[in-house]
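Visitor: Here you go, final-v7.cif (mmCIF, C-alpha atoms (C1' of nucleotides)):
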```
data_entry
loop_
_atom_site.label_atom_id
_atom_site.label_comp_id
_atom_site.auth_asym_id
_atom_site.auth_seq_id
_atom_site.Cartn_x
_atom_site.Cartn_y
_atom_site.Cartn_z
CA MET D 83 16.92 17.10 -2.71
CA VAL D 84 16.18 15.59 0.72
CA MET D 85 17.18 11.90 0.67
CA THR D 86 16.83 9.18 3.23
CA PRO D 87 20.16 7.89 4.59
CA PHE D 88 19.73 4.63 2.70
CA LYS D 89 19.04 6.44 -0.52
CA VAL D 90 22.23 8.40 0.00
CA LEU D 91 24.20 5.19 0.42
CA ALA D 92 22.41 3.51 -2.47
CA GLU D 93 24.69 5.14 -5.01
CA PRO D 94 27.84 2.99 -5.42
CA LYS D 95 30.03 6.00 -6.10
CA ARG D 96 29.04 7.57 -2.80
CA GLU D 97 29.81 4.28 -1.10
CA ARG D 98 33.25 4.38 -2.66
CA ILE D 99 33.81 7.96 -1.55
CA LEU D 100 33.08 7.00 2.04
CA LYS D 101 35.38 3.99 1.86
CA LEU D 102 38.10 6.23 0.52
CA LEU D 103 37.60 8.88 3.19
CA ALA D 104 37.85 6.14 5.80
CA THR D 105 41.52 5.86 4.90
CA LYS D 106 42.20 9.60 5.21
CA PRO D 107 40.58 13.03 4.76
CA LEU D 108 40.92 14.36 1.21
CA SER D 109 40.15 17.35 -0.98
CA VAL D 110 37.53 17.27 -3.73
CA ASN D 111 40.08 16.99 -6.51
CA GLU D 112 41.96 14.25 -4.72
CA ILE D 113 38.75 12.25 -4.36
CA ALA D 114 37.87 12.82 -8.01
CA GLU D 115 41.31 11.66 -9.08
CA PHE D 116 41.40 8.58 -6.85
CA LEU D 117 38.02 7.40 -8.09
CA ASN D 118 38.33 8.49 -11.72
CA MET D 119 35.33 10.76 -11.49
CA GLY D 120 34.72 14.23 -12.90
CA GLN D 121 35.07 17.12 -10.49
CA PRO D 122 31.48 18.34 -10.85
CA GLN D 123 29.98 14.93 -10.11
CA THR D 124 32.31 14.53 -7.18
CA SER D 125 31.19 17.86 -5.77
CA LYS D 126 27.60 16.90 -6.27
CA HIS D 127 27.94 13.57 -4.52
CA LEU D 128 29.80 15.23 -1.68
CA LYS D 129 26.97 17.68 -1.24
CA VAL D 130 24.50 14.80 -0.91
CA LEU D 131 26.75 13.13 1.66
CA LEU D 132 27.15 16.45 3.47
CA ASP D 133 23.41 17.07 3.70
CA ALA D 134 22.94 13.63 5.22
CA ASN D 135 25.79 14.16 7.70
CA PHE D 136 28.01 11.42 6.37
CA VAL D 137 30.83 13.93 5.82
CA TRP D 138 31.96 17.37 6.90
CA TYR D 139 34.71 19.58 5.55
CA GLU D 140 37.46 21.79 6.76
CA VAL D 141 38.56 24.78 4.68
CA LYS D 142 42.30 24.81 4.01
CA ALA D 143 43.45 27.54 1.63
CA GLN D 144 41.42 27.08 -1.57
CA ASN D 145 40.75 23.46 -0.69
CA ARG D 146 37.95 21.79 1.17
CA ILE D 147 39.18 18.77 3.03
CA TYR D 148 36.38 16.28 3.50
CA HIS D 149 36.18 14.04 6.57
CA LEU D 150 33.80 11.29 7.62
CA ASP D 151 31.07 12.37 10.01
CA HIS D 152 29.84 9.80 12.50
CA GLN D 153 26.33 11.28 12.69
CA GLY D 154 25.08 9.79 9.43
CA PHE D 155 26.47 6.38 10.28
CA ASP D 156 24.99 6.49 13.76
CA GLU D 157 21.57 7.06 12.30
CA VAL D 158 21.84 3.99 10.11
CA ASP D 159 23.16 2.02 13.06
CA LYS D 160 20.20 3.09 15.14
CA TRP D 161 17.76 1.96 12.45
CA LEU D 162 19.47 -1.41 12.17
CA ARG D 163 19.29 -1.97 15.91
CA SER D 164 15.63 -0.96 16.09
CA ILE D 165 14.87 -3.84 13.77
CA LYS D 166 17.37 -6.37 15.09
CA ASN D 167 15.89 -6.03 18.56
CA PHE D 168 12.77 -7.75 17.29
CA MET D 169 14.46 -10.46 15.30
CA VAL D 170 14.05 -14.02 16.49
CA THR D 171 16.86 -15.83 14.74
CA MET H 89 17.69 -7.13 -10.96
CA VAL H 90 20.77 -7.41 -8.72
CA MET H 91 20.77 -4.54 -6.22
CA THR H 92 23.22 -3.54 -3.50
CA PRO H 93 21.82 -3.89 0.03
CA PHE H 94 21.63 -0.11 0.37
CA LYS H 95 19.76 0.22 -2.87
CA VAL H 96 17.29 -2.33 -1.62
CA LEU H 97 16.73 -0.31 1.54
CA ALA H 98 16.61 2.97 -0.38
CA GLU H 99 12.97 2.48 -1.28
CA PRO H 100 10.81 3.84 1.56
CA LYS H 101 8.11 1.23 1.01
CA ARG H 102 10.60 -1.56 1.46
CA GLU H 103 11.79 0.10 4.64
CA ARG H 104 8.21 0.13 5.86
CA ILE H 105 7.73 -3.53 5.00
CA LEU H 106 10.72 -4.47 7.11
CA LYS H 107 9.55 -2.34 10.02
CA LEU H 108 6.18 -4.05 9.80
CA LEU H 109 7.68 -7.53 9.65
CA ALA H 110 9.70 -6.68 12.73
CA THR H 111 6.45 -6.74 14.68
CA LYS H 112 5.35 -10.13 13.34
CA PRO H 113 5.55 -12.40 10.27
CA LEU H 114 2.79 -11.70 7.75
CA SER H 115 1.37 -12.88 4.45
CA VAL H 116 1.63 -10.84 1.26
CA ASN H 117 -1.97 -9.69 1.40
CA GLU H 118 -1.68 -8.72 5.05
CA ILE H 119 1.37 -6.61 4.28
CA ALA H 120 -0.38 -5.00 1.33
CA GLU H 121 -3.39 -4.17 3.49
CA PHE H 122 -1.40 -2.80 6.42
CA LEU H 123 0.61 -0.51 4.18
CA ASN H 124 -2.13 0.44 1.72
CA MET H 125 -0.22 -0.94 -1.22
CA GLY H 126 -1.39 -2.93 -4.22
CA GLN H 127 -0.75 -6.67 -4.09
CA PRO H 128 1.45 -6.77 -7.21
CA GLN H 129 3.75 -4.02 -5.95
CA THR H 130 3.93 -5.71 -2.59
CA SER H 131 4.95 -8.99 -4.21
CA LYS H 132 7.54 -7.20 -6.28
CA HIS H 133 9.08 -5.41 -3.33
CA LEU H 134 9.13 -8.65 -1.38
CA LYS H 135 11.01 -10.33 -4.19
CA VAL H 136 13.66 -7.63 -4.05
CA LEU H 137 13.93 -8.04 -0.29
CA LEU H 138 14.08 -11.81 -0.71
CA ASP H 139 16.89 -11.68 -3.26
CA ALA H 140 18.92 -9.53 -0.88
CA ASN H 141 18.24 -11.86 2.07
CA PHE H 142 16.31 -9.34 4.13
CA VAL H 143 13.32 -11.71 4.28
CA TRP H 144 12.45 -15.36 3.81
CA TYR H 145 9.05 -17.05 3.61
CA GLU H 146 7.29 -20.08 4.92
CA VAL H 147 4.51 -21.68 2.87
CA LYS H 148 1.30 -22.11 4.81
CA ALA H 149 -1.64 -23.35 2.73
CA GLN H 150 -2.04 -20.88 -0.15
CA ASN H 151 -0.20 -18.20 1.80
CA ARG H 152 3.42 -17.24 1.98
CA ILE H 153 4.28 -15.97 5.41
CA TYR H 154 7.22 -13.59 5.20
CA HIS H 155 9.76 -13.29 8.01
CA LEU H 156 12.78 -11.07 8.55
CA ASP H 157 16.11 -12.67 7.66
CA HIS H 158 19.13 -11.60 9.66
CA GLN H 159 21.55 -12.21 6.79
CA GLY H 160 20.75 -9.00 4.91
CA PHE H 161 20.98 -6.92 8.04
CA ASP H 162 24.23 -8.53 9.06
CA GLU H 163 25.76 -7.52 5.78
CA VAL H 164 24.83 -3.88 6.31
CA ASP H 165 26.11 -4.08 9.85
CA LYS H 166 29.40 -5.45 8.63
CA TRP H 167 29.78 -2.59 6.15
CA LEU H 168 29.04 -0.01 8.81
CA ARG H 169 31.63 -1.46 11.15
CA SER H 170 34.26 -1.64 8.43
CA ILE H 171 34.00 2.13 8.14
CA LYS H 172 33.48 2.99 11.79
CA ASN H 173 36.69 1.19 12.67
CA PHE H 174 38.58 3.95 10.89
CA MET H 175 36.65 6.89 12.26
CA VAL H 176 38.41 9.26 14.57
CA THR H 177 35.54 10.95 16.38
"C1'" DC G 123 -11.99 -31.90 -11.59
"C1'" DA G 124 -14.00 -27.08 -10.96
"C1'" DG G 125 -14.00 -22.95 -8.65
"C1'" DA G 126 -11.92 -19.79 -5.53
"C1'" DT G 127 -8.11 -17.64 -3.25
"C1'" DA G 128 -3.29 -16.17 -2.79
"C1'" DT G 129 0.67 -14.81 -5.02
"C1'" DA G 130 3.72 -13.86 -8.96
"C1'" DT G 131 4.85 -11.99 -13.53
"C1'" DA G 132 4.59 -9.15 -17.80
"C1'" DC G 133 3.90 -4.85 -20.03
"C1'" DG G 134 3.49 -0.03 -20.90
"C1'" DT G 135 3.97 4.46 -18.64
"C1'" DT G 136 6.05 7.74 -15.71
"C1'" DT G 137 9.18 9.68 -12.52
"C1'" DC G 138 13.44 10.84 -10.46
"C1'" DA G 139 18.23 11.05 -9.98
"C1'" DA G 140 22.89 10.27 -12.34
"C1'" DG G 141 25.85 11.87 -15.89
"C1'" DC G 142 27.97 15.34 -18.71
"C1'" DA G 143 29.25 19.87 -20.31
"C1'" DA G 144 29.28 24.61 -19.55
"C1'" DT G 145 29.37 28.30 -16.38
"C1'" DA G 146 29.56 30.55 -11.92
"C1'" DT G 147 31.68 31.27 -7.44
"C1'" DT G 148 35.26 31.47 -4.06
"C1'" DC G 149 39.72 32.35 -2.48
"C1'" DA G 150 44.70 32.97 -2.64
"C1'" DA G 151 48.85 34.99 -4.38
"C1'" DA G 152 51.28 38.23 -7.16
"C1'" DT X 244 42.92 44.26 -8.50
"C1'" DT X 245 43.85 40.95 -11.87
"C1'" DT X 246 45.00 36.06 -12.58
"C1'" DG X 247 44.62 31.31 -11.69
"C1'" DA X 248 43.27 27.29 -9.08
"C1'" DA X 249 39.72 24.76 -6.51
"C1'" DT X 250 35.10 23.99 -5.94
"C1'" DA X 251 30.08 24.59 -6.72
"C1'" DT X 252 25.97 25.12 -9.58
"C1'" DT X 253 22.92 24.89 -13.63
"C1'" DG X 254 20.54 22.84 -17.62
"C1'" DC X 255 19.80 19.10 -20.52
"C1'" DT X 256 19.64 14.25 -21.63
"C1'" DT X 257 19.19 9.53 -20.38
"C1'" DG X 258 18.43 5.23 -17.91
"C1'" DA X 259 16.73 2.52 -14.16
"C1'" DA X 260 13.24 1.46 -11.25
"C1'" DA X 261 8.39 2.28 -9.36
"C1'" DC X 262 3.55 2.24 -10.46
"C1'" DG X 263 -0.97 0.41 -12.29
"C1'" DT X 264 -3.43 -2.86 -15.03
"C1'" DA X 265 -3.95 -7.13 -16.76
"C1'" DT X 266 -2.71 -11.83 -16.84
"C1'" DA X 267 -0.49 -16.14 -15.31
"C1'" DT X 268 0.64 -19.61 -11.87
"C1'" DA X 269 -0.13 -22.22 -7.88
"C1'" DT X 270 -2.65 -24.28 -4.15
"C1'" DC X 271 -6.54 -25.17 -1.37
"C1'" DT X 272 -11.56 -26.81 -0.95
"C1'" DG X 273 -15.78 -28.91 -2.30
#
```
I need this file expressed as structure tokens, please.
Guide:
Amino acid sequence: MVMTPFKVLAEPKRERILKLLATKPLSVNEIAEFLNMGQPQTSKHLKVLLDANFVWYEVKAQNRIYHLDHQGFDEVDKWLRSIKNFMVT
Amino acid sequence: MVMTPFKVLAEPKRERILKLLATKPLSVNEIAEFLNMGQPQTSKHLKVLLDANFVWYEVKAQNRIYHLDHQGFDEVDKWLRSIKNFMVT
DNA sequence: CAGATATATACGTTTCAAGCAATATTCAAA
DNA sequence: TTTGAATATTGCTTGAAACGTATATATCTG
């Protein structure tokens, strides 16, 4: 699907997933339950976040425990700074 | 239209407008020319950026000179930090 | 005021990604 | 090796936003 980092973050539900994962790493079903989302959509959103390096996962039994990944955030941070460096006010 | 800051930045052309404005303030037609975009689309994108406080404009004769506005960027920065504070790695 | 220039808005069309339901895959435990 | 639980994938439908064209508004200049 190949999305820009901003496009990945543009979806409110993905924003909420990241906010939730900031509190603690969670499995797919836990995320789905916390956010009242269906499991398939949750998986799909997680895949988008994974491809853009906003999350990574650890296999634990039949579960995949998703964690935040700093790489995606760093990229956004870098973009922000590249613009802010030129800002007057 | 009411968009989240990330949704505003999700459109590649709006990203390019901001990058361009980081070099210097420009009028609508100048932006349209630099980026090979139609004038109406350019106006429309600028309105979206304006509503989200990524740009502001100064009236100069018949022209509107658009500038970057730190407010929009600050908001994104704030969001990033609110997540990074909880990141382990 | 008339004409010209710069910008904004309205409208119809199109495109792309989210949502949902069904199905497939993976892996563990008995 | 069968069963069940957790997760991923596929296909279809739908809605929101981008695009192009045409038109409207505003502001300068003569």
Visitor: Which polymer residues have any atom within 8 Å of an atom of Trp144 (chain H), counting only C-alpha atoms (C1' of nucleotides), with same-chain residues fewer than 6 positions away left out, as a PyMOL selection string?
Guide: chain H and resi 138+154-157
Visitor: Show me, as a Markdown table, the residues of chain D having an atom within 10 Å of chain H, each with the closest atom pair and its distance in Å, using all atoms listed in the file.
Guide:
```
| residue | atom | partner | partner_atom | distance |
| --- | --- | --- | --- | --- |
| D:Met85 | CA | H:Ala98 | CA | 9.0 |
| D:Thr86 | CA | H:Ala98 | CA | 7.2 |
| D:Pro87 | CA | H:Ala98 | CA | 7.8 |
| D:Phe88 | CA | H:Ala98 | CA | 4.7 |
| D:Lys89 | CA | H:Ala98 | CA | 4.2 |
| D:Val90 | CA | H:Ala98 | CA | 7.8 |
| D:Leu91 | CA | H:Phe94 | CA | 5.9 |
| D:Ala92 | CA | H:Lys95 | CA | 4.2 |
| D:Glu93 | CA | H:Lys95 | CA | 7.3 |
| D:Pro94 | CA | H:Thr92 | CA | 8.2 |
| D:Glu97 | CA | H:Phe94 | CA | 9.4 |
| D:Leu100 | CA | H:Ile171 | CA | 7.9 |
| D:Lys101 | CA | H:Ile171 | CA | 6.7 |
| D:Leu102 | CA | H:Ile171 | CA | 9.6 |
| D:Leu103 | CA | H:Ile171 | CA | 9.1 |
| D:Ala104 | CA | H:Phe174 | CA | 5.6 |
| D:Thr105 | CA | H:Phe174 | CA | 6.9 |
| D:Lys106 | CA | H:Phe174 | CA | 8.8 |
| D:His149 | CA | H:Met175 | CA | 9.1 |
| D:Leu150 | CA | H:Met175 | CA | 7.0 |
| D:Asp151 | CA | H:Thr177 | CA | 7.9 |
| D:His152 | CA | H:Thr177 | CA | 7.0 |
| D:Gln153 | CA | H:Thr177 | CA | 9.9 |
| D:Phe155 | CA | H:Leu168 | CA | 7.0 |
| D:Asp156 | CA | H:Leu168 | CA | 9.1 |
| D:Val158 | CA | H:Leu168 | CA | 8.3 |
| D:Asp159 | CA | H:Asp165 | CA | 7.5 |
| D:Trp161 | CA | H:Lys107 | CA | 9.6 |
| D:Leu162 | CA | H:Phe161 | CA | 7.0 |
| D:Arg163 | CA | H:Asp165 | CA | 9.4 |
| D:Ser164 | CA | H:Lys107 | CA | 8.7 |
| D:Ile165 | CA | H:Ala110 | CA | 6.0 |
| D:Lys166 | CA | H:His158 | CA | 7.7 |
| D:Asn167 | CA | H:Ala110 | CA | 8.5 |
| D:Phe168 | CA | H:Ala110 | CA | 5.6 |
| D:Met169 | CA | H:Ala110 | CA | 6.6 |
| D:Val170 | CA | H:Leu156 | CA | 8.6 |
| D:Thr171 | CA | H:His158 | CA | 7.0 |
```
Visitor: Applying the PyMOL selection byres ((chain H) within 8 of (chain G)) to the file I just gave you, which residues come out? Please list them as number ranges by chain.
Guide: H: 116-117, 128, 131, 150-152
Visitor: C1' of DA260 (chain X) and CA of Ile119 (chain H) are how many Å apart?
Guide: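 Separation of C1' of DA260 (chain X) and CA of Ile119 (chain H): 21.1 Å.
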Visitor: Which residue gives the smallest distance to DT270 (chain X) among H:Val143, H:Gly126, H:Lys148, H:Val90, with only C-alpha atoms (C1' of nucleotides) counted?
Guide: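 With only C-alpha atoms (C1' of nucleotides) as the atom set, the closest residue is H:Lys148.
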Visitor: Which residues, named as in the file, does the PyMOL selection byres ((chain X) within 9 of (chain D)) pick out? Answer as a compact mmCIF listing (two decimals) with C-alpha atoms (C1' of nucleotides), in the coordinates of the input.
Guide:
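Now in out_1.txt:
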```
# COMPACT_ATOMS: atom_id res chain seq x y z
C1' DA X 248 43.27 27.29 -9.08
C1' DA X 249 39.72 24.76 -6.51
C1' DT X 250 35.10 23.99 -5.94
C1' DA X 251 30.08 24.59 -6.72
C1' DT X 252 25.97 25.12 -9.58
```
Visitor: How many Å lie between CA of Leu134 (chain H) and CA of Val130 (chain D), rounded to one decimal?
Guide: 28.0 Å
Visitor: By how many Å are CA of Lys95 (chain D) and CA of Glu112 (chain D) apart?
Guide: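 For CA of Lys95 (chain D) relative to CA of Glu112 (chain D), the distance reads 14.6 Å.
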